[in-house]
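Participant: Below is input.csv; it holds CSV, C-alpha atoms.
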chain,number,residue,atom,x,y,z
M,1,MET,CA,0.0,0.0,0.0
M,2,ILE,CA,1.4,3.4,-1.0
M,3,ASN,CA,1.3,6.1,1.6
M,4,ARG,CA,-0.2,8.8,-0.6
M,5,GLN,CA,0.0,11.6,2.1
M,6,ALA,CA,3.7,11.0,2.5
M,7,LEU,CA,4.3,11.0,-1.2
M,8,ALA,CA,2.2,14.1,-1.8
M,9,GLY,CA,4.1,15.9,1.0
M,10,ARG,CA,7.4,15.6,-0.8
M,11,ALA,CA,6.1,16.0,-4.3
M,12,THR,CA,6.4,19.0,-6.6
M,13,PRO,CA,3.2,20.8,-7.7
M,14,SER,CA,3.3,19.0,-11.1
M,15,VAL,CA,3.6,15.6,-9.5
M,16,ARG,CA,0.7,16.5,-7.1
M,17,ALA,CA,-1.6,17.3,-10.1
M,18,TRP,CA,-0.6,13.9,-11.7
M,19,TRP,CA,-1.6,12.2,-8.4
M,20,ARG,CA,-5.0,13.9,-8.4
M,21,THR,CA,-5.7,12.6,-11.9
M,22,VAL,CA,-4.8,9.1,-10.9
M,23,VAL,CA,-7.0,9.2,-7.8
M,24,ALA,CA,-9.9,10.7,-9.8
M,25,PHE,CA,-9.6,7.9,-12.4
M,26,ALA,CA,-9.5,5.2,-9.7
M,27,CYS,CA,-12.7,6.7,-8.2
M,28,ALA,CA,-14.4,6.7,-11.5
M,29,LEU,CA,-13.5,3.0,-12.1
M,30,SER,CA,-14.9,2.0,-8.7
M,31,VAL,CA,-18.3,3.7,-9.5
M,32,LEU,CA,-18.6,1.9,-12.8
M,33,PRO,CA,-19.7,-1.6,-11.6
M,34,ALA,CA,-22.5,0.0,-9.5
M,35,MET,CA,-23.8,1.9,-12.6
M,36,ALA,CA,-23.6,-1.3,-14.6
M,37,ALA,CA,-25.9,-3.1,-12.0
M,38,ASP,CA,-28.7,-0.7,-13.0
M,39,ALA,CA,-28.3,-1.3,-16.7
M,40,PRO,CA,-30.6,-3.8,-18.4
M,41,ALA,CA,-27.7,-5.9,-19.7
M,42,SER,CA,-26.5,-6.7,-16.2
M,43,ARG,CA,-25.2,-10.2,-15.2
M,44,VAL,CA,-27.2,-9.8,-11.9
M,45,PRO,CA,-30.9,-10.9,-12.4
M,46,ALA,CA,-33.3,-8.2,-11.2
M,47,PRO,CA,-36.9,-8.9,-10.2
M,48,THR,CA,-39.4,-7.7,-12.8
M,49,VAL,CA,-42.3,-6.1,-10.9
M,50,ALA,CA,-45.5,-5.5,-12.8
M,51,ILE,CA,-47.2,-2.5,-11.3
M,52,ALA,CA,-50.8,-2.5,-12.5
M,53,ALA,CA,-51.8,0.8,-11.0
M,54,PRO,CA,-48.9,3.2,-11.3
M,55,GLY,CA,-49.1,6.3,-9.1
M,56,LYS,CA,-48.2,7.4,-5.6
M,57,CYS,CA,-48.3,4.6,-3.0
M,58,VAL,CA,-49.5,5.4,0.5
M,59,GLU,CA,-45.8,6.3,1.3
M,60,ASP,CA,-42.7,7.0,-0.8
M,61,THR,CA,-41.4,4.0,-2.8
M,62,PRO,CA,-38.0,3.8,-1.1
M,63,PHE,CA,-39.7,4.0,2.3
M,64,MET,CA,-42.2,1.3,1.3
M,65,LEU,CA,-39.4,-1.0,-0.1
M,66,ARG,CA,-37.7,-1.0,3.3
M,67,ASN,CA,-40.6,-0.6,5.7
M,68,HIS,CA,-43.7,-2.2,4.2
M,69,MET,CA,-43.5,-5.2,6.6
M,70,GLU,CA,-43.3,-2.9,9.6
M,71,LEU,CA,-46.3,-0.9,8.5
M,72,LEU,CA,-48.3,-4.1,8.0
M,73,LYS,CA,-47.3,-5.6,11.3
M,74,HIS,CA,-48.2,-2.4,13.2
M,75,HIS,CA,-51.5,-2.2,11.4
M,76,ARG,CA,-52.4,-5.8,11.9
M,77,ASP,CA,-51.9,-5.5,15.7
M,78,LYS,CA,-54.0,-2.4,15.8
M,79,THR,CA,-56.8,-4.0,13.7
M,80,VAL,CA,-56.9,-7.4,15.4
M,81,ARG,CA,-56.4,-6.2,19.0
M,82,ASP,CA,-58.1,-2.8,19.0
M,83,GLY,CA,-60.5,-3.0,16.1
M,84,ILE,CA,-58.9,0.0,14.3
M,85,ARG,CA,-59.8,-0.5,10.7
M,86,THR,CA,-58.3,2.4,8.8
M,87,THR,CA,-57.5,1.6,5.2
M,88,GLN,CA,-54.2,3.6,4.8
M,89,HIS,CA,-51.9,0.7,5.7
M,90,SER,CA,-54.2,-2.2,5.6
M,91,LEU,CA,-53.2,-5.4,3.8
M,92,ALA,CA,-56.6,-5.6,1.9
M,93,ASN,CA,-55.9,-2.1,0.6
M,94,CYS,CA,-52.4,-3.1,-0.6
M,95,VAL,CA,-53.8,-6.1,-2.4
M,96,ASN,CA,-56.6,-4.1,-4.0
M,97,CYS,CA,-54.3,-1.6,-5.5
M,98,HIS,CA,-51.3,-3.8,-6.4
M,99,ALA,CA,-53.1,-6.9,-7.8
M,100,SER,CA,-52.4,-7.7,-11.4
M,101,LYS,CA,-55.0,-6.5,-13.8
M,102,VAL,CA,-54.8,-9.9,-15.6
M,103,THR,CA,-54.9,-12.3,-12.8
M,104,GLY,CA,-56.4,-10.1,-10.1
M,105,ARG,CA,-53.8,-11.4,-7.6
M,106,VAL,CA,-50.6,-10.2,-6.0
M,107,THR,CA,-49.0,-13.7,-6.1
M,108,GLY,CA,-49.0,-16.6,-8.6
M,109,GLY,CA,-46.4,-15.7,-11.2
M,110,LYS,CA,-42.9,-14.3,-11.6
M,111,ASP,CA,-44.3,-10.8,-12.3
M,112,ALA,CA,-46.8,-10.8,-9.5
M,113,PHE,CA,-46.3,-7.8,-7.3
M,114,CYS,CA,-45.4,-9.5,-4.0
M,115,GLU,CA,-44.0,-12.7,-5.3
M,116,SER,CA,-41.5,-11.3,-7.8
M,117,CYS,CA,-39.5,-9.4,-5.1
M,118,HIS,CA,-39.9,-12.1,-2.5
M,119,LYS,CA,-38.7,-14.9,-4.8
M,120,PHE,CA,-35.8,-12.7,-5.8
M,121,SER,CA,-34.8,-12.0,-2.2
M,122,ALA,CA,-35.7,-15.5,-0.9
M,123,VAL,CA,-38.0,-14.2,1.8
M,124,LYS,CA,-40.9,-16.5,2.5
M,125,LEU,CA,-44.4,-15.0,2.4
M,126,ASP,CA,-46.7,-16.2,5.2
M,127,CYS,CA,-49.5,-13.6,4.7
M,128,TRP,CA,-51.2,-15.6,2.0
M,129,ASP,CA,-51.6,-18.7,4.0
M,130,CYS,CA,-54.5,-17.0,5.7
M,131,HIS,CA,-55.2,-13.8,3.8
M,132,THR,CA,-56.7,-13.7,0.3
M,133,ASP,CA,-54.3,-12.5,-2.4
M,134,ARG,CA,-57.2,-11.4,-4.7
M,135,ALA,CA,-58.4,-7.9,-5.2
M,136,GLN,CA,-61.9,-7.3,-4.1
M,137,ALA,CA,-64.4,-5.1,-5.8
M,138,GLY,CA,-65.9,-2.5,-3.5
M,139,LEU,CA,-62.9,-1.9,-1.3
M,140,ALA,CA,-61.8,1.7,-1.7
M,141,ALA,CA,-58.1,1.8,-2.6
M,142,ALA,CA,-56.3,4.7,-0.9
M,143,GLY,CA,-53.2,6.2,-2.5
M,144,ALA,CA,-53.6,5.1,-6.1
M,145,GLY,CA,-53.2,7.7,-8.7
M,146,LYS,CA,-52.5,10.6,-6.2
K,1,MET,CA,-59.1,-19.4,46.3
K,2,SER,CA,-61.7,-17.6,48.3
K,3,GLU,CA,-65.4,-17.9,47.5
K,4,VAL,CA,-66.6,-15.2,45.1
K,5,ASN,CA,-69.0,-12.8,47.0
K,6,THR,CA,-72.0,-12.9,44.6
K,7,GLY,CA,-73.9,-10.5,46.9
K,8,ARG,CA,-71.3,-7.9,46.4
K,9,ARG,CA,-71.4,-8.5,42.6
K,10,GLN,CA,-75.1,-8.0,42.7
K,11,VAL,CA,-74.7,-4.6,44.4
K,12,LEU,CA,-72.0,-3.6,41.8
K,13,ALA,CA,-74.4,-4.6,39.0
K,14,TRP,CA,-77.1,-2.5,40.5
K,15,GLY,CA,-74.7,0.4,40.8
K,16,ALA,CA,-73.8,0.0,37.1
K,17,ALA,CA,-77.5,-0.1,36.2
K,18,MET,CA,-78.1,3.1,38.2
K,19,ALA,CA,-75.2,4.8,36.5
K,20,GLY,CA,-76.9,4.3,33.2
K,21,VAL,CA,-80.0,6.1,34.4
K,22,ALA,CA,-80.2,9.6,33.1
K,23,LEU,CA,-79.0,12.1,35.7
K,24,ALA,CA,-80.8,14.9,33.8
K,25,PRO,CA,-82.3,15.0,30.3
K,26,GLY,CA,-79.4,14.1,27.9
K,27,VAL,CA,-76.9,13.5,30.7
K,28,THR,CA,-75.8,10.0,31.7
K,29,LEU,CA,-72.8,8.7,33.5
K,30,PHE,CA,-71.6,6.8,30.5
K,31,GLU,CA,-72.3,7.3,26.8
K,32,LEU,CA,-74.5,4.9,24.9
K,33,ALA,CA,-73.1,2.7,22.2
K,34,GLN,CA,-72.8,4.2,18.7
K,35,ALA,CA,-70.9,3.3,15.6
K,36,ARG,CA,-67.2,4.0,16.0
K,37,SER,CA,-65.1,5.8,13.4
K,38,PRO,CA,-62.4,3.5,11.8
K,39,GLU,CA,-59.6,5.3,13.7
K,40,GLU,CA,-61.3,4.7,17.1
K,41,ALA,CA,-60.3,1.7,19.2
K,42,ALA,CA,-62.9,-0.6,20.7
K,43,SER,CA,-63.9,0.7,24.1
K,44,ASN,CA,-65.0,-1.1,27.3
K,45,LYS,CA,-67.9,1.4,27.5
K,46,VAL,CA,-69.6,-1.2,25.3
K,47,ARG,CA,-70.0,-4.9,26.0
K,48,TRP,CA,-71.4,-6.7,23.0
K,49,GLY,CA,-73.7,-9.7,23.7
K,50,MET,CA,-76.5,-11.7,22.4
K,51,LEU,CA,-79.8,-13.2,23.6
K,52,VAL,CA,-81.1,-16.5,22.2
K,53,ASP,CA,-84.9,-16.9,22.8
K,54,VAL,CA,-85.1,-20.7,22.6
K,55,ASN,CA,-88.9,-20.6,22.4
K,56,ARG,CA,-88.7,-18.8,19.1
K,57,CYS,CA,-86.0,-21.0,17.6
K,58,ALA,CA,-87.3,-23.7,15.2
K,59,SER,CA,-85.8,-27.2,15.1
K,60,ASP,CA,-85.9,-27.4,11.3
K,61,CYS,CA,-84.2,-24.0,10.8
K,62,ASP,CA,-80.5,-23.6,10.4
K,63,ALA,CA,-80.5,-20.1,8.8
K,64,CYS,CA,-78.0,-18.9,11.4
K,65,VAL,CA,-75.5,-21.7,10.6
K,66,THR,CA,-75.7,-21.1,6.9
K,67,ALA,CA,-75.4,-17.3,7.2
K,68,CYS,CA,-72.3,-17.8,9.4
K,69,ASP,CA,-70.7,-20.1,6.9
K,70,GLN,CA,-71.3,-17.7,4.1
K,71,GLU,CA,-70.3,-14.6,5.9
K,72,ASN,CA,-67.0,-16.1,7.2
K,73,GLY,CA,-66.1,-18.2,4.2
K,74,LEU,CA,-66.4,-21.5,6.0
K,75,PRO,CA,-66.6,-24.6,3.8
K,76,GLN,CA,-70.1,-25.3,2.6
K,77,THR,CA,-69.5,-29.1,2.3
K,78,LYS,CA,-68.8,-30.4,5.8
K,79,THR,CA,-66.3,-33.1,6.8
K,80,PRO,CA,-65.8,-34.5,10.3
K,81,THR,CA,-62.9,-32.0,10.7
K,82,SER,CA,-64.6,-28.9,9.3
K,83,ALA,CA,-64.5,-25.8,11.3
K,84,GLN,CA,-67.8,-25.0,13.0
K,85,TRP,CA,-68.4,-21.6,14.5
K,86,ILE,CA,-72.1,-22.0,15.3
K,87,ARG,CA,-74.1,-25.2,15.6
K,88,LYS,CA,-77.7,-26.1,16.3
K,89,VAL,CA,-78.1,-28.2,19.4
K,90,GLU,CA,-81.3,-30.3,20.0
K,91,LEU,CA,-82.3,-30.6,23.7
K,92,LYS,CA,-84.7,-33.4,24.7
K,93,ASP,CA,-86.5,-33.8,28.0
K,94,LEU,CA,-86.3,-37.6,28.6
K,95,ARG,CA,-89.3,-37.6,30.9
K,96,THR,CA,-91.8,-35.7,28.7
K,97,GLY,CA,-90.1,-36.1,25.3
K,98,ALA,CA,-90.3,-32.4,24.7
K,99,THR,CA,-87.6,-31.1,22.4
K,100,LYS,CA,-86.0,-27.7,22.0
K,101,SER,CA,-83.5,-26.4,19.6
K,102,ALA,CA,-80.9,-23.6,20.1
K,103,PRO,CA,-77.8,-22.3,18.4
K,104,VAL,CA,-74.5,-22.6,20.4
K,105,MET,CA,-71.5,-20.6,19.5
K,106,CYS,CA,-68.6,-18.9,21.4
K,107,GLN,CA,-70.3,-17.4,24.5
K,108,HIS,CA,-67.9,-14.5,24.7
K,109,CYS,CA,-67.2,-14.8,28.4
K,110,ALA,CA,-66.1,-11.9,30.5
K,111,GLU,CA,-63.7,-14.3,32.2
K,112,PRO,CA,-62.9,-16.7,29.3
K,113,PRO,CA,-61.1,-20.0,30.2
K,114,CYS,CA,-59.6,-20.0,26.6
K,115,VAL,CA,-57.7,-16.8,27.4
K,116,ASP,CA,-56.5,-18.2,30.8
K,117,VAL,CA,-54.9,-21.2,29.2
K,118,CYS,CA,-53.4,-19.7,26.0
K,119,PRO,CA,-49.6,-20.0,26.3
K,120,THR,CA,-48.9,-17.3,23.7
K,121,GLY,CA,-51.5,-14.7,24.3
K,122,ALA,CA,-53.2,-15.4,21.0
K,123,SER,CA,-56.5,-16.0,22.6
K,124,PHE,CA,-57.7,-12.6,23.9
K,125,LYS,CA,-60.7,-10.6,24.9
K,126,ARG,CA,-61.2,-7.3,23.2
K,127,ALA,CA,-62.1,-4.2,25.2
K,128,ASP,CA,-65.7,-4.5,24.1
K,129,GLY,CA,-66.0,-8.1,25.4
K,130,ILE,CA,-65.5,-10.0,22.1
K,131,VAL,CA,-63.3,-13.0,22.6
K,132,LEU,CA,-61.0,-13.6,19.6
K,133,VAL,CA,-57.9,-15.6,18.4
K,134,ASP,CA,-55.0,-13.6,17.0
K,135,ARG,CA,-53.8,-16.0,14.3
K,136,HIS,CA,-50.5,-14.2,14.0
K,137,THR,CA,-49.6,-15.5,17.5
K,138,CYS,CA,-51.6,-18.8,17.6
K,139,ILE,CA,-49.4,-21.9,17.5
K,140,GLY,CA,-52.3,-24.3,17.2
K,141,CYS,CA,-51.7,-26.0,20.5
K,142,ARG,CA,-55.5,-26.4,21.1
K,143,TYR,CA,-55.4,-25.8,24.8
K,144,CYS,CA,-58.2,-23.4,24.4
K,145,MET,CA,-60.4,-26.0,22.7
K,146,MET,CA,-60.0,-28.2,25.7
K,147,ALA,CA,-60.6,-25.4,28.2
K,148,CYS,CA,-63.8,-24.2,26.5
K,149,PRO,CA,-66.9,-25.6,28.3
K,150,TYR,CA,-69.0,-25.1,25.2
K,151,GLN,CA,-66.8,-26.8,22.6
K,152,ALA,CA,-67.0,-23.5,20.6
K,153,ARG,CA,-63.6,-23.6,19.0
K,154,SER,CA,-62.4,-25.5,16.0
K,155,PHE,CA,-59.0,-26.3,14.6
K,156,VAL,CA,-58.3,-25.8,10.9
K,157,HIS,CA,-56.7,-29.0,9.7
K,158,GLU,CA,-56.6,-28.4,6.0
K,159,PRO,CA,-55.1,-25.7,3.8
K,160,VAL,CA,-57.7,-23.0,3.1
K,161,THR,CA,-58.2,-21.1,-0.1
K,162,GLY,CA,-60.7,-18.4,-1.2
K,163,GLN,CA,-60.9,-16.6,2.1
K,164,LYS,CA,-63.0,-13.5,2.6
K,165,PRO,CA,-60.8,-10.4,2.8
K,166,GLU,CA,-62.2,-9.4,6.1
K,167,VAL,CA,-62.1,-13.0,7.6
K,168,PRO,CA,-58.6,-14.4,7.1
K,169,ARG,CA,-58.2,-18.0,8.1
K,170,GLY,CA,-55.7,-20.7,7.5
K,171,LYS,CA,-54.4,-24.1,8.4
K,172,GLY,CA,-52.8,-24.6,11.8
K,173,CYS,CA,-54.8,-22.1,13.9
K,174,VAL,CA,-57.8,-22.4,16.2
K,175,GLU,CA,-60.8,-20.3,15.4
K,176,SER,CA,-64.3,-19.6,16.7
K,177,CYS,CA,-67.2,-17.2,16.4
K,178,THR,CA,-65.9,-13.6,16.2
K,179,LEU,CA,-69.4,-12.2,16.8
K,180,CYS,CA,-68.8,-10.9,13.2
K,181,VAL,CA,-66.4,-8.4,14.6
K,182,HIS,CA,-65.7,-6.9,11.1
K,183,ARG,CA,-69.4,-6.1,10.8
K,184,ILE,CA,-69.6,-4.7,14.3
K,185,ASP,CA,-66.7,-2.4,13.7
K,186,ARG,CA,-68.7,-1.0,10.8
K,187,GLY,CA,-71.7,-0.5,13.1
K,188,GLY,CA,-73.4,-3.6,11.8
K,189,THR,CA,-74.8,-6.7,13.5
K,190,PRO,CA,-73.7,-10.4,13.3
K,191,ALA,CA,-74.8,-12.4,10.2
K,192,CYS,CA,-76.6,-15.0,12.3
K,193,VAL,CA,-78.8,-12.3,13.9
K,194,GLU,CA,-79.8,-10.9,10.5
K,195,ALA,CA,-80.4,-14.3,9.1
K,196,CYS,CA,-82.6,-15.3,12.0
K,197,ALA,CA,-84.6,-12.1,11.7
K,198,ALA,CA,-84.9,-12.7,7.9
K,199,SER,CA,-86.3,-16.2,8.5
K,200,GLY,CA,-89.0,-14.6,10.6
K,201,HIS,CA,-88.1,-16.3,13.9
K,202,LYS,CA,-86.2,-13.3,15.5
K,203,ALA,CA,-84.8,-15.7,18.1
K,204,ILE,CA,-81.4,-13.9,18.4
K,205,VAL,CA,-81.1,-10.4,19.7
K,206,PHE,CA,-77.8,-8.5,19.5
K,207,GLY,CA,-76.8,-5.5,21.5
K,208,ASN,CA,-74.9,-3.8,24.2
K,209,LEU,CA,-75.1,-5.5,27.6
K,210,ASN,CA,-73.7,-2.4,29.3
K,211,ASP,CA,-76.6,-0.3,28.2
K,212,PRO,CA,-79.7,-1.0,30.5
K,213,ASN,CA,-81.9,0.7,27.9
K,214,SER,CA,-80.8,-1.5,24.9
K,215,GLU,CA,-83.3,-3.9,23.4
K,216,LEU,CA,-81.0,-6.7,24.5
K,217,SER,CA,-80.8,-5.7,28.1
K,218,GLN,CA,-84.6,-5.2,28.3
K,219,ARG,CA,-85.4,-8.5,26.6
K,220,ILE,CA,-82.9,-10.3,29.0
K,221,ALA,CA,-84.6,-8.8,32.0
K,222,GLU,CA,-88.1,-9.5,30.6
K,223,LEU,CA,-87.4,-13.1,29.7
K,224,ARG,CA,-85.1,-13.7,32.7
K,225,ALA,CA,-82.5,-15.1,30.4
K,226,ALA,CA,-79.5,-16.9,31.9
K,227,PRO,CA,-76.2,-18.0,30.5
K,228,LEU,CA,-75.5,-21.7,29.8
K,229,ARG,CA,-73.8,-23.3,32.8
K,230,PRO,CA,-74.2,-20.2,35.1
K,231,ASP,CA,-72.5,-22.3,37.8
K,232,LEU,CA,-69.2,-21.7,35.9
K,233,ARG,CA,-69.4,-18.0,36.7
K,234,LEU,CA,-67.8,-16.9,33.5
K,235,ASN,CA,-70.2,-14.0,32.9
K,236,GLN,CA,-71.0,-15.1,29.4
K,237,GLY,CA,-72.0,-12.5,26.8
K,238,VAL,CA,-74.5,-14.8,25.2
K,239,ARG,CA,-77.7,-15.5,27.2
K,240,TYR,CA,-80.4,-18.0,26.7
K,241,ALA,CA,-84.1,-17.7,27.5
K,242,GLY,CA,-86.6,-20.6,27.7
K,243,ILE,CA,-84.3,-23.6,28.4
Could you show the structure in this file as structure tokens?
Facilitator:
Amino acid sequence: MINRQALAGRATPSVRAWWRTVVAFACALSVLPAMAADAPASRVPAPTVAIAAPGKCVEDTPFMLRNHMELLKHHRDKTVRDGIRTTQHSLANCVNCHASKVTGRVTGGKDAFCESCHKFSAVKLDCWDCHTDRAQAGLAAAGAGK
Amino acid sequence: MSEVNTGRRQVLAWGAAMAGVALAPGVTLFELAQARSPEEAASNKVRWGMLVDVNRCASDCDACVTACDQENGLPQTKTPTSAQWIRKVELKDLRTGATKSAPVMCQHCAEPPCVDVCPTGASFKRADGIVLVDRHTCIGCRYCMMACPYQARSFVHEPVTGQKPEVPRGKGCVESCTLCVHRIDRGGTPACVEACAASGHKAIVFGNLNDPNSELSQRIAELRAAPLRPDLRLNQGVRYAGI
């Protein structure tokens, strides 16, 4: 490992400029693989999520990606234990908005909303052992299209 | 354990009844039941209960059982292990041969034995007196099924498909009558009560046991309705008249 500080301390201004160029190039190289991961021609398989009703979800997408399970767990306890039945974070509301327009479900296929990501990340889904994965007519969907 | 002082309980009950009497026009010590908003939690101001008038219940009618199955997405074709939330029971007096018929379901006890024995806290009583199973915590041990004096609970043995969105249910959990809690939370009444009224018998009355002016409380007083097995002192939410 080269001690860059020690080298730069003794170097003339022209050598220092040359070092700056080398470091900047190295930084650029390190960023490239991360950019390549987002490109469609990546070697890493990405989940293909079919979003039937594009629009704003009940929260921001990055927040939902990381925290949807916490919201659902919080809401389930409030509903089961206290009888609070708001629709903002309810599972039935999620299903109603995110179900495929073709199958009417959020599971059952590699493009299905829940299943695509959960298969990709190898996280088992227990919700649908008891809850229905089908959209229901008549349930008001909050958040869609806002 | 010391003996429960029933005389003291009676005095407390009278106190509660007096508290419900209007102090002045429009002023009572506790508010009467009304439909909650979705954000509002269930409150112990209300205690939901039912009255079964056995004299009005017909032996050949099972409208309440059919309505329960449809409302909660229970299987229409029955097997020996099918879940059963409400059942018709035939009673026969062996001396006279007289028969009576009554529906039996979860009695929604104020002191439920199923809650006492549950090792995980899945079996619980909601603030408004409805006894439920939280399937997220239920491990399917079936202690509650053994503890229940009314055999009101069922275990789901087979995988379930096609559930109702408001009544999730699945294999490996114990379940029982929820008093149609999803309908009550909307301000409605249980499916069996509506089906019984639609069949013309009107044998089941639903209402607030805490409100002495409710139709339920008044009918219970008028018919001198009692719980099944009052000796167990569980303070059941379902009362029977005419047995």
Participant: Residues at most 12 Å from His98 in chain M, counting all atoms listed in the file, excluding those fewer than 2 positions away in the same chain, as a VMD selection string?
Facilitator: chain M and resid 49 to 58 91 to 96 100 to 107 111 to 115 133 to 136 141 to 145
Participant: Tell me, in Å to one decimal, how far CA of Cys64 in chain K is from CA of Gly200 in chain K.
Facilitator: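 Those two atoms sit 11.8 Å apart.
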Participant: Could you check which of K:His136, K:His157, K:Arg233, K:Arg219 is closest to Thr79 in chain M, using all atoms listed in the file?
Facilitator: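 Using all atoms listed in the file, the shortest distance to Thr79 in chain M belongs to K:His136.
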Participant: Between chain M and chain K, at 6 Å or less, what are the per-residue closest atom pairs and their distances in Å? Count only C-alpha atoms, order by chain and rising residue number, and return it as JSON lines.
Facilitator:
{"residue": "M:Asp82", "atom": "CA", "partner": "K:Ala41", "partner_atom": "CA", "distance": 5.0}
{"residue": "M:Gly83", "atom": "CA", "partner": "K:Ala41", "partner_atom": "CA", "distance": 5.6}
{"residue": "M:Ile84", "atom": "CA", "partner": "K:Ala41", "partner_atom": "CA", "distance": 5.4}
{"residue": "M:Arg85", "atom": "CA", "partner": "K:Pro38", "partner_atom": "CA", "distance": 4.9}
{"residue": "M:Thr86", "atom": "CA", "partner": "K:Pro38", "partner_atom": "CA", "distance": 5.2}
{"residue": "M:Asp129", "atom": "CA", "partner": "K:Gly170", "partner_atom": "CA", "distance": 5.7}
{"residue": "M:Cys130", "atom": "CA", "partner": "K:Gly170", "partner_atom": "CA", "distance": 4.3}
{"residue": "M:His131", "atom": "CA", "partner": "K:Pro168", "partner_atom": "CA", "distance": 4.8}
{"residue": "M:Thr132", "atom": "CA", "partner": "K:Gln163", "partner_atom": "CA", "distance": 5.4}
Participant: Excluding Ala226 in chain K and any residue of its chain fewer than 6 positions from it, enumerate the residues within 12 Å of it, using all atoms listed in the file, and give them as JSON, numbers by chain.
Facilitator: {"K": [50, 51, 52, 53, 54, 107, 217, 219, 220, 233, 234, 235, 236, 237, 238, 239, 240, 241, 242, 243]}
Participant: Using C-alpha atoms, can you export the residues from the last selection as a compact mmCIF listing (two decimals), in the coordinates of the input?
Facilitator:
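Below you can see result.txt, which holds the result:
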# COMPACT_ATOMS: atom_id res chain seq x y z
CA MET K 50 -76.50 -11.70 22.40
CA LEU K 51 -79.80 -13.20 23.60
CA VAL K 52 -81.10 -16.50 22.20
CA ASP K 53 -84.90 -16.90 22.80
CA VAL K 54 -85.10 -20.70 22.60
CA GLN K 107 -70.30 -17.40 24.50
CA SER K 217 -80.80 -5.70 28.10
CA ARG K 219 -85.40 -8.50 26.60
CA ILE K 220 -82.90 -10.30 29.00
CA ARG K 233 -69.40 -18.00 36.70
CA LEU K 234 -67.80 -16.90 33.50
CA ASN K 235 -70.20 -14.00 32.90
CA GLN K 236 -71.00 -15.10 29.40
CA GLY K 237 -72.00 -12.50 26.80
CA VAL K 238 -74.50 -14.80 25.20
CA ARG K 239 -77.70 -15.50 27.20
CA TYR K 240 -80.40 -18.00 26.70
CA ALA K 241 -84.10 -17.70 27.50
CA GLY K 242 -86.60 -20.60 27.70
CA ILE K 243 -84.30 -23.60 28.40
Participant: Which of these, K:Met105, K:Cys118, K:Ala67, K:Cys144, has the shortest distance to Val89 in chain K once you count all atoms listed in the file?
Facilitator: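 Once distances to Val89 in chain K are computed over all atoms listed in the file, the minimum belongs to K:Met105.
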Participant: For range 149-154 of chain K, find every residue with an atom within 6 Å (counting only C-alpha atoms), except residues of its own chain fewer than 6 positions away, and show them as a ChimeraX atom specification.
Facilitator: /K:83,105-106,174-176
Participant: Go ahead and compute the interatomic distance for CA of Ala35 in chain K and CA of Thr189 in chain K, in Å to one decimal.
Facilitator: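 For CA of Ala35 in chain K relative to CA of Thr189 in chain K, the distance reads 10.9 Å.
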Participant: In Å to one decimal, how far is CA of Glu215 in chain K from CA of Gly187 in chain K?
Facilitator: 15.9 Å
Participant: Hey, which of K:Leu223, K:Leu91, K:Ala63, K:Ala110 ends up closest to Gly49 in chain K? Count only C-alpha atoms.
Facilitator: K:Ala110
